[in-house]
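S.K.: The following block contains the structure, expressed as structure tokens.
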Amino acid sequence: NAGVMQNPRHLVRRRGQEARLRCSPMKGHSHVYWYRQLPEEGLKFMVYLQKENIIDESGMPKERFSAEFPKEGPSILRIQQVVRGDSAAYFCASTETKAGGYTFGSGTRLTVV
Amino acid sequence: DQQVKQNSPSLSVQEGRISILNCDYTNSMFDYFLWYKKYPAEGPTFLISISSIKDKNEDGRFTVFLNKSAKHLSLHIVPSQPGDSAVYFCARISNFGNEKLTFGTGTRLTIIP
């Protein structure tokens with residue numbers, strides 16, 4: 001049973017381009033969370049999704065950021081028109097139940113040049 | 001606003017000695033507190049947790065203590081081993097709600113052989 005898979009591991013984008021980060025949760029896990037870690041900081045909650053539903057997006061910037069978790073396929077975190085301040089490590093975590101233990105992926109390191 | 005704070009960004013400990021990592025929190029009612037360990041270029045991995053109704057939880061070399069009057073928790077690692085060198089994050093999660101984690105900023109532990 002593979003863990004939480006995130007790809008790509010590293011992503012370089014020029015300012016103004018779009019970044020797409022993918023997260024495949026553990027098999028059987030239907031709850032997905034995205035966190036962002038800026039340099040020298042802790043992980044900050046962005047969004048919580050279940051299949052086809054956004055449950056809580058209170059940590060997500062109102063503009064340029066969106067997330068989805070379709071019925072089939074991975075969860076996608078999309079950042080439009082990236083800026084230098086978006087450079088960070090983005091981690092996805094999944095759980096089986098609402099109160100289940102988290103399993104984190106290895107993250108996607110986004111660098112905006 | 002519920003927060004967790006780790007005031008020591010780094011800690012160095014001799015191999016075989018005890019490592020003590022500290023965390024302060026605000027406004028807890030029915031939370032769980034967790035410790036995560038993170039190696040470079042990897043996602044956080046769960047170490048140990050404690051319910052806010054308990055004072056202590058132990059798992060092998062790892063013990064977490066909760067001082068509710070001081071709103072303080074600590075992670076003790078004894079004996080410390082070179083493989084313990086990593087960044088340690090304390091985190092909290094509500095007993096109810098959408099189960100998002102709130103992380104501290106982390107403490108980088110270095111075990112000196």
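Chains: A, B, ... in order of the structure tokens. Residues: from 1 per chain. Ligands: from 1, in order shown.
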Could you give me, as a tab-separated table, every chain A residue with an atom at most 7 Å from chain B, plus its closest atom pair and distance in Å to one decimal, counting only C-alpha atoms, rows ordered by chain then number?

M.R.:
residue	atom	partner	partner_atom	distance
A:Glu41	CA	B:Thr105	CA	5.0
A:Gly42	CA	B:Thr105	CA	3.9
A:Leu43	CA	B:Phe103	CA	5.8
A:Lys44	CA	B:Phe103	CA	6.9
A:Phe45	CA	B:Lys100	CA	6.9
A:Phe91	CA	B:Gly43	CA	6.9
A:Lys98	CA	B:Glu99	CA	6.8
A:Ala99	CA	B:Glu99	CA	6.6
A:Phe104	CA	B:Gly43	CA	5.5
A:Gly105	CA	B:Gly43	CA	5.4
A:Ser106	CA	B:Gly43	CA	4.2
A:Gly107	CA	B:Gly43	CA	6.0

S.K.: Skipping near chain neighbours, those fewer than 5 positions away, what residues fall within 7 Å of Lys56 in chain B using only C-alpha atoms, listed as an MDAnalysis selection string?

M.R.: chainID B and resid 64:66

S.K.: Run DSSP on the backbone and tell me which residues of range 20-95 of chain B come out as strand (DSSP E or B); list them as a VMD selection string.

M.R.: chain B and resid 20 to 25 32 to 38 45 to 51 56 to 59 62 to 67 72 to 77 86 to 93

S.K.: A:Ala93, A:Val4, A:Leu110, A:Ile55: which is nearest Tyr33 in chain A, counting only C-alpha atoms?

M.R.: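 The answer is A:Ala93, which sits nearest to Tyr33 in chain A.
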
S.K.: Given only C-alpha atoms as the basis, pick out the residue of A:Tyr90, A:Ser75, A:Glu96, A:Arg9 nearest to His29 in chain A.

M.R.: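 Answer, going by the shortest atom-to-atom distance: A:Glu96.
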
S.K.: Which is closest to Val82 in chain A among A:Ser58, A:Thr111, A:Gln37, A:Ser24, if we use only C-alpha atoms?

M.R.: A:Thr111

S.K.: Which residue out of B:Leu47, B:Leu11, B:Val4, B:Ile111 has the minimum interatomic distance to Pro79 in chain B when only C-alpha atoms are used?

M.R.: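 Looking only at the distances to Pro79 in chain B, the closest residue turns out to be B:Ile111.
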
S.K.: Could you name the residues that touch Asn27 in chain B at 12 Å or less, counting only C-alpha atoms, but leaving out those on the same chain fewer than 6 positions away, as an mmCIF file with C-alpha atoms, in the first residue's frame?

M.R.:
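Result went into out_14.cif, see below:
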data_model
loop_
_atom_site.group_PDB
_atom_site.id
_atom_site.type_symbol
_atom_site.label_atom_id
_atom_site.label_comp_id
_atom_site.auth_asym_id
_atom_site.auth_seq_id
_atom_site.Cartn_x
_atom_site.Cartn_y
_atom_site.Cartn_z
ATOM 1 C CA ASP B 1 -7.193 32.055 17.723
ATOM 2 C CA GLN B 2 -5.657 28.768 18.802
ATOM 3 C CA GLN B 3 -1.883 28.745 18.506
ATOM 4 C CA VAL B 4 1.144 26.653 19.313
ATOM 5 C CA SER B 52 -5.706 17.385 26.734
ATOM 6 C CA LYS B 68 -2.240 22.314 31.579
ATOM 7 C CA SER B 69 -1.821 25.062 34.167
ATOM 8 C CA ALA B 70 1.221 26.407 32.312
ATOM 9 C CA LYS B 71 -0.243 25.628 28.863
ATOM 10 C CA HIS B 72 2.998 23.882 28.038
ATOM 11 C CA ARG B 92 -2.726 20.670 17.869
ATOM 12 C CA SER B 94 -9.521 20.005 17.740
#

S.K.: Just to confirm, what's the straight-line distance from CA of Leu49 in chain A to CA of Phe65 in chain A in Å (one decimal)?

M.R.: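 Those two atoms sit 14.2 Å apart.
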
S.K.: Work out how far apart CA of Asn7 in chain A and CA of Arg84 in chain A are and give it in Å to one decimal.

M.R.: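 Separating CA of Asn7 in chain A from CA of Arg84 in chain A is a distance of 20.3 Å.
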
S.K.: What does the distance from CA of Glu58 in chain B to CA of Ile112 in chain B come to in Å, to one decimal?

M.R.: 24.0 Å

S.K.: Choose the residue, out of A:Gly16, A:His31, A:Arg109, A:Gln6, that has the smallest atom-to-atom separation from Gln81 in chain A; count only C-alpha atoms.

M.R.: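 Closest residue, counting only C-alpha atoms: A:Gly16.
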